[in-house]
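Everything below concerns the one structure shown next.
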Amino acid sequence: MDAQTASAGSKNLIFEAVIKPHRSLSYRAMFMVMGGMIAVSLLMTSEMAHLGAWPVIGFNIADMLLAVCLFWLNMRAARERETISLSAELLAVTRTDVHGRRTSFSVVPDWLNVVLEERPGTVPRLLFSSRGKSFEVARALGEAQKRELAEALSRAMHRWRNPLFDNPQLR
């Protein structure tokens with residue numbers, strides 16, 4: 001998954017990260033690859049029919065149907081999103097699944113801690129904990145991306161909790 005961080009937008013927005021699946025093919029490129037596969041498959045199927053190898057035709061059609069189905073599932077999974085927004089009043093996490101259904105939860109960021117729970121032999125868990133409750137975010141990110149997200153969010157929370165004041169009397 002890709003994590004995109006933005007600080008612009010609402011005037012009281014401190015931090016925002018949009019986490020979405022990484023896909024190496026755009027829709028146009030996917031259709032070009034599928035078209036090429038189907039064209040080559042059609043060429044091979046016609047050659048097998050010309051040679052009299054009729055059973056191969058059924059397997060080739062089944063193979064292409066499976067490939068199209070897997071491409072469709074891959075592109076459908078690209079609709080998944082997770083948005084983490086931190087403002088002075090609220091930390092909100094909104095998840096959108098592949099069907100477009102949204103679930104969201106929020107906590108007051110005053111007592112919020114960002115915890116990267118290390119687990120031997122696997123990717124660490126990124127947890128938000130506040131007042132004895134914790135919840136996992138960014139489940140689909142890799143280890144390096146989770147560490148970057150945790151560091152960026154910790155820095156944003158530190159800047160919010162420790163503001164710099166420009167006091168001309170101290171100059």
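In the structure tokens, chains take letters A, B, ... by order of appearance, with residues numbered from 1 within each chain and ligands from 1 in the order shown.
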
Compile the contact shell of Leu112 (chain A) as JSON, numbers by chain: residues with an atom at most 9 Å away, counting only C-alpha atoms, same-chain residues fewer than 2 positions apart removed. {"A": [91, 107, 108, 109, 110, 114, 128, 129, 130, 131, 157]}

What does the file look like for those residues with N, CA and C atoms, as an mmCIF file, in the first residue's frame?
```
data_model
loop_
_atom_site.group_PDB
_atom_site.id
_atom_site.type_symbol
_atom_site.label_atom_id
_atom_site.label_comp_id
_atom_site.auth_asym_id
_atom_site.auth_seq_id
_atom_site.Cartn_x
_atom_site.Cartn_y
_atom_site.Cartn_z
ATOM 1 N N LEU A 91 -8.610 12.909 16.299
ATOM 2 C CA LEU A 91 -7.893 12.030 15.380
ATOM 3 C C LEU A 91 -8.962 11.110 14.796
ATOM 4 N N VAL A 107 -10.880 9.560 18.067
ATOM 5 C CA VAL A 107 -10.523 9.743 19.469
ATOM 6 C C VAL A 107 -10.003 11.161 19.644
ATOM 7 N N VAL A 108 -10.064 11.623 20.867
ATOM 8 C CA VAL A 108 -9.486 12.917 21.206
ATOM 9 C C VAL A 108 -7.968 12.720 21.286
ATOM 10 N N PRO A 109 -7.186 13.534 20.601
ATOM 11 C CA PRO A 109 -5.743 13.275 20.521
ATOM 12 C C PRO A 109 -4.935 13.696 21.752
ATOM 13 N N ASP A 110 -5.586 14.239 22.782
ATOM 14 C CA ASP A 110 -4.838 14.720 23.940
ATOM 15 C C ASP A 110 -4.009 13.620 24.596
ATOM 16 N N VAL A 114 1.203 6.876 19.719
ATOM 17 C CA VAL A 114 1.451 6.068 18.522
ATOM 18 C C VAL A 114 2.451 4.999 18.923
ATOM 19 N N PHE A 128 -2.753 2.851 17.661
ATOM 20 C CA PHE A 128 -3.074 4.101 18.322
ATOM 21 C C PHE A 128 -3.674 3.705 19.659
ATOM 22 N N SER A 129 -3.111 4.207 20.743
ATOM 23 C CA SER A 129 -3.670 3.884 22.051
ATOM 24 C C SER A 129 -4.014 5.179 22.771
ATOM 25 N N SER A 130 -5.137 5.121 23.466
ATOM 26 C CA SER A 130 -5.610 6.281 24.200
ATOM 27 C C SER A 130 -6.480 5.797 25.348
ATOM 28 N N ARG A 131 -6.075 6.143 26.570
ATOM 29 C CA ARG A 131 -6.834 5.827 27.777
ATOM 30 C C ARG A 131 -7.174 4.348 27.897
ATOM 31 N N MET A 157 2.373 15.152 15.995
ATOM 32 C CA MET A 157 1.797 15.279 17.335
ATOM 33 C C MET A 157 2.744 16.044 18.256
#
```

List the neighbours of region 53-69 of chain A out to 8 Å using only C-alpha atoms; skip same-chain residues closer than 5 positions along the sequence, and give me the result as a list in words.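 The neighbour list is Met34, Met37, Ile38, Ser41, Thr45 and Met48 of chain A.
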
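Of note, CA of Leu164 (chain A) and CA of Glu89 (chain A) are spaced 19.0 Å apart.
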
Counting only C-alpha atoms, the residue among A:Ala140, A:Val98, A:Val93, A:Met44 that lies closest to Arg76 (chain A) is A:Val98

Which value, in Å to one decimal, gives the distance between CA of Pro21 (chain A) and CA of Ala156 (chain A)?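 Between CA of Pro21 (chain A) and CA of Ala156 (chain A) the gap works out to 23.7 Å.
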